[in-house]
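Reviewing the structure listed below.
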Amino acid sequence: MTSNRSAHAALILVDVQPDFMPGGALACHEGDAIVPGIDALLRARRFRHVVATQDWHPPGHVSFASRHPGRAAFERIDLYGQPQTLWPDHCVQGTAGAELHPGIDWSALDAVIRKGSDPAVDSYSGFRENHGPDGSRPSTGLAGWLRERGVDEVVVCGLARDVCVLWTAQDARELGFRASVLWDLSRPVTPTSDAATRAALLEQGIGIV
């Protein structure tokens, strides 16, 4: 790790998976554009700790529009008292679209946090699942893993900037970590969300790098 990053900082790579790339099941706007930059960043070994999150849904997941007759992808419903976007079937466990992107050298990776494995609960953040039937947001264990290694700052990038990257950075801040987002190494589902995403990050004191 080079001296330009604190020894107490970790890089979190959110859902850099083929299903979120153009041609994938849930394509983000220009999602593939971040792959070369993330590969170069990992090869540079600038961070002592590197974690990837991986969307990892069972077939028939509650967030899939196909699970809800008469509903279409990107509609919103009420689920456990919270708004839930219905998504196209994506990142189904064991499929090629759910794998970490093959165009990246992942050898610097220390840990992978698989999320969204509960068929009844969605999971955007790398730190906590979305609200479940009991109203709680169960931990993924990432916060404890980072604290055990002395990490107090996280730098987040990946997909999608307006959903899982945003939620991961927000949860990091709420859980006591300093947080920033690498804007150029993230992409949104749709760029119309960018202004709202920037405002949400700045409101919580999350850096935009």
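Numbering starts fresh at 1 for the residues of each chain in the structure tokens, the chains themselves are lettered A, B, ... in the order given, and ligands are numbered from 1 as they appear.
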
#### Entry: Neighbour list for Phe177 of chain A as a list in words, cut-off 12 Å, only C-alpha atoms, skip fewer than 6 positions in-chain
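Here the answer would be His8, Ala9, Ala10, Phe127, Leu142, Ala143, Gly144, Leu146, Arg147, Gly150, Val151, Asp152, Glu153, Val154, Val155, Val156, Thr168, Ala169, Gln170, Asp171, Gln204, Gly205, Ile206 and Gly207 of chain A.
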
### Query
Which parts of segment 133-170 of chain A does DSSP call alpha helix (DSSP H) when run on the backbone here, written out as a ChimeraX atom specification?
/A:142-148,164-170

Can you spit out the residues from that selection as a short mmCIF file (atom, residue, chain, number, x, y, z; two decimals), in the first residue's frame, using all heavy atoms?
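New file again-v6.cif:
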```
data_model
loop_
_atom_site.label_atom_id
_atom_site.label_comp_id
_atom_site.auth_asym_id
_atom_site.auth_seq_id
_atom_site.Cartn_x
_atom_site.Cartn_y
_atom_site.Cartn_z
N LEU A 142 -19.70 -6.98 7.82
CA LEU A 142 -18.59 -6.20 7.25
C LEU A 142 -18.03 -5.17 8.24
O LEU A 142 -16.81 -5.00 8.34
CB LEU A 142 -19.05 -5.51 5.97
CG LEU A 142 -18.03 -4.58 5.29
CD1 LEU A 142 -16.73 -5.30 4.97
CD2 LEU A 142 -18.63 -3.95 4.03
N ALA A 143 -18.90 -4.48 8.96
CA ALA A 143 -18.42 -3.45 9.89
C ALA A 143 -17.49 -4.05 10.93
O ALA A 143 -16.42 -3.49 11.23
CB ALA A 143 -19.60 -2.75 10.57
N GLY A 144 -17.87 -5.18 11.49
CA GLY A 144 -17.01 -5.83 12.48
C GLY A 144 -15.70 -6.30 11.88
O GLY A 144 -14.64 -6.17 12.52
N TRP A 145 -15.76 -6.82 10.67
CA TRP A 145 -14.54 -7.28 9.98
C TRP A 145 -13.57 -6.11 9.82
O TRP A 145 -12.36 -6.25 10.06
CB TRP A 145 -14.92 -7.86 8.62
CG TRP A 145 -13.81 -8.54 7.88
CD1 TRP A 145 -13.49 -9.87 7.91
CD2 TRP A 145 -12.87 -7.93 6.98
NE1 TRP A 145 -12.42 -10.12 7.09
CE2 TRP A 145 -12.01 -8.95 6.51
CE3 TRP A 145 -12.68 -6.62 6.54
CZ2 TRP A 145 -10.99 -8.69 5.61
CZ3 TRP A 145 -11.65 -6.36 5.65
CH2 TRP A 145 -10.82 -7.39 5.18
N LEU A 146 -14.09 -4.94 9.41
CA LEU A 146 -13.23 -3.78 9.21
C LEU A 146 -12.65 -3.28 10.53
O LEU A 146 -11.46 -2.96 10.62
CB LEU A 146 -14.02 -2.67 8.53
CG LEU A 146 -14.45 -2.93 7.08
CD1 LEU A 146 -15.40 -1.85 6.60
CD2 LEU A 146 -13.25 -3.04 6.15
N ARG A 147 -13.49 -3.21 11.56
CA ARG A 147 -13.02 -2.70 12.86
C ARG A 147 -11.94 -3.60 13.45
O ARG A 147 -11.00 -3.12 14.08
CB ARG A 147 -14.20 -2.56 13.81
CG ARG A 147 -15.14 -1.41 13.44
CD ARG A 147 -16.15 -1.12 14.53
NE ARG A 147 -17.04 -0.04 14.14
CZ ARG A 147 -18.32 -0.19 13.82
NH1 ARG A 147 -18.86 -1.41 13.85
NH2 ARG A 147 -19.06 0.85 13.48
N GLU A 148 -12.08 -4.90 13.25
CA GLU A 148 -11.05 -5.83 13.76
C GLU A 148 -9.69 -5.55 13.13
O GLU A 148 -8.66 -5.88 13.71
CB GLU A 148 -11.46 -7.27 13.45
CG GLU A 148 -12.60 -7.79 14.32
CD GLU A 148 -13.10 -9.15 13.87
OE1 GLU A 148 -12.54 -9.69 12.88
OE2 GLU A 148 -14.05 -9.66 14.49
N CYS A 164 -26.77 0.65 -4.65
CA CYS A 164 -25.93 -0.10 -3.71
C CYS A 164 -24.68 0.65 -3.27
O CYS A 164 -24.26 0.53 -2.12
CB CYS A 164 -25.58 -1.47 -4.30
SG CYS A 164 -27.04 -2.50 -4.57
N VAL A 165 -24.07 1.43 -4.17
CA VAL A 165 -22.92 2.26 -3.76
C VAL A 165 -23.38 3.31 -2.76
O VAL A 165 -22.75 3.52 -1.71
CB VAL A 165 -22.26 2.91 -4.99
CG1 VAL A 165 -21.24 3.96 -4.56
CG2 VAL A 165 -21.59 1.85 -5.86
N LEU A 166 -24.49 3.98 -3.06
CA LEU A 166 -25.03 5.00 -2.17
C LEU A 166 -25.37 4.42 -0.80
O LEU A 166 -24.96 4.97 0.23
CB LEU A 166 -26.27 5.63 -2.81
CG LEU A 166 -27.05 6.63 -1.96
CD1 LEU A 166 -26.19 7.84 -1.61
CD2 LEU A 166 -28.33 7.06 -2.67
N TRP A 167 -26.09 3.33 -0.78
CA TRP A 167 -26.49 2.73 0.51
C TRP A 167 -25.27 2.27 1.31
O TRP A 167 -25.23 2.40 2.53
CB TRP A 167 -27.44 1.56 0.27
CG TRP A 167 -28.86 1.94 -0.01
CD1 TRP A 167 -29.31 2.83 -0.95
CD2 TRP A 167 -30.03 1.44 0.65
NE1 TRP A 167 -30.68 2.91 -0.92
CE2 TRP A 167 -31.15 2.06 0.05
CE3 TRP A 167 -30.23 0.51 1.66
CZ2 TRP A 167 -32.47 1.79 0.45
CZ3 TRP A 167 -31.55 0.24 2.06
CH2 TRP A 167 -32.64 0.88 1.45
N THR A 168 -24.26 1.72 0.62
CA THR A 168 -23.05 1.26 1.31
C THR A 168 -22.33 2.43 1.96
O THR A 168 -21.92 2.36 3.13
CB THR A 168 -22.13 0.52 0.33
OG1 THR A 168 -22.81 -0.65 -0.15
CG2 THR A 168 -20.84 0.09 1.01
N ALA A 169 -22.17 3.53 1.22
CA ALA A 169 -21.50 4.71 1.77
C ALA A 169 -22.31 5.32 2.92
O ALA A 169 -21.74 5.73 3.95
CB ALA A 169 -21.28 5.74 0.67
N GLN A 170 -23.62 5.38 2.76
CA GLN A 170 -24.46 5.93 3.83
C GLN A 170 -24.39 5.09 5.10
O GLN A 170 -24.28 5.61 6.21
CB GLN A 170 -25.91 6.04 3.34
CG GLN A 170 -26.13 7.13 2.31
CD GLN A 170 -27.55 7.15 1.77
OE1 GLN A 170 -28.14 6.10 1.53
NE2 GLN A 170 -28.09 8.34 1.59
#
```

Can you build me a table of segment 61-147 of chain A residues sitting at most 9 Å from segment 38-45 of chain A, with the closest atom pair per residue and its distance in Å to one decimal, using only C-alpha atoms, sorted by chain and residue number, as CSV?
```
residue,atom,partner,partner_atom,distance
A:Gly103,CA,A:Asp39,CA,7.5
A:Ile104,CA,A:Asp39,CA,4.8
A:Asp105,CA,A:Asp39,CA,6.0
A:Trp106,CA,A:Leu42,CA,7.3
A:Ser107,CA,A:Leu42,CA,8.2
A:Ala108,CA,A:Leu42,CA,6.3
A:Leu109,CA,A:Leu42,CA,8.3
```

Selection from above, N, CA, C and O atoms, as an mmCIF file, in the first residue's frame, can you write it?
```cif
data_model
loop_
_atom_site.group_PDB
_atom_site.id
_atom_site.type_symbol
_atom_site.label_atom_id
_atom_site.label_comp_id
_atom_site.auth_asym_id
_atom_site.auth_seq_id
_atom_site.Cartn_x
_atom_site.Cartn_y
_atom_site.Cartn_z
ATOM 1 N N GLY A 103 -12.948 -9.354 -16.050
ATOM 2 C CA GLY A 103 -11.961 -8.450 -16.605
ATOM 3 C C GLY A 103 -11.125 -7.731 -15.560
ATOM 4 O O GLY A 103 -10.352 -6.839 -15.908
ATOM 5 N N ILE A 104 -11.263 -8.128 -14.305
ATOM 6 C CA ILE A 104 -10.542 -7.485 -13.206
ATOM 7 C C ILE A 104 -9.657 -8.507 -12.514
ATOM 8 O O ILE A 104 -10.068 -9.649 -12.285
ATOM 9 N N ASP A 105 -8.442 -8.111 -12.190
ATOM 10 C CA ASP A 105 -7.537 -8.952 -11.396
ATOM 11 C C ASP A 105 -7.921 -8.787 -9.926
ATOM 12 O O ASP A 105 -7.650 -7.754 -9.312
ATOM 13 N N TRP A 106 -8.542 -9.804 -9.367
ATOM 14 C CA TRP A 106 -9.059 -9.745 -8.005
ATOM 15 C C TRP A 106 -8.063 -10.267 -6.968
ATOM 16 O O TRP A 106 -8.433 -10.486 -5.816
ATOM 17 N N SER A 107 -6.803 -10.425 -7.324
ATOM 18 C CA SER A 107 -5.846 -11.044 -6.408
ATOM 19 C C SER A 107 -5.571 -10.202 -5.168
ATOM 20 O O SER A 107 -5.091 -10.718 -4.151
ATOM 21 N N ALA A 108 -5.892 -8.902 -5.219
ATOM 22 C CA ALA A 108 -5.692 -8.042 -4.045
ATOM 23 C C ALA A 108 -6.852 -8.129 -3.055
ATOM 24 O O ALA A 108 -6.808 -7.523 -1.985
ATOM 25 N N LEU A 109 -7.858 -8.905 -3.411
ATOM 26 C CA LEU A 109 -9.081 -8.958 -2.605
ATOM 27 C C LEU A 109 -8.844 -9.712 -1.299
ATOM 28 O O LEU A 109 -8.259 -10.785 -1.275
#
```

### Task
Could you find all residues in segment 48-201 of chain A that DSSP calls strand (DSSP E or B) from the backbone, and write them as a PyMOL selection string?
chain A and resi 49-55+57+64+76-79+82-85+87+92+111-115+128+139+153-159+178-187

### Task
Counting only C-alpha atoms, figure out which residue out of A:Cys157, A:Leu175, A:Val62, A:Leu11 gets nearest to Ser123 of chain A.
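For Ser123 of chain A, the nearest of the given residues is A:Val62.
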
## Note on the structure
Residue with the minimum atom-to-atom distance to Ala111 of chain A, picked from A:Ala52, A:Leu159, A:Ala65, A:Ala179 with only C-alpha atoms counted, is A:Ala52

### Message
When you count only C-alpha atoms, which of these residues is closest to Asn130 of chain A: A:Ala172, A:Leu79, A:Val51, A:Ala98?
### Response
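Once distances to Asn130 of chain A are computed over only C-alpha atoms, the minimum belongs to A:Leu79.
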
### Task
Please identify all polymer residues within 12 Å of Pro83 of chain A, counting only C-alpha atoms, omitting same-chain residues fewer than 2 positions from it, and present them as a PyMOL selection string.
chain A and resi 63+74-81+85-86+122+130-132
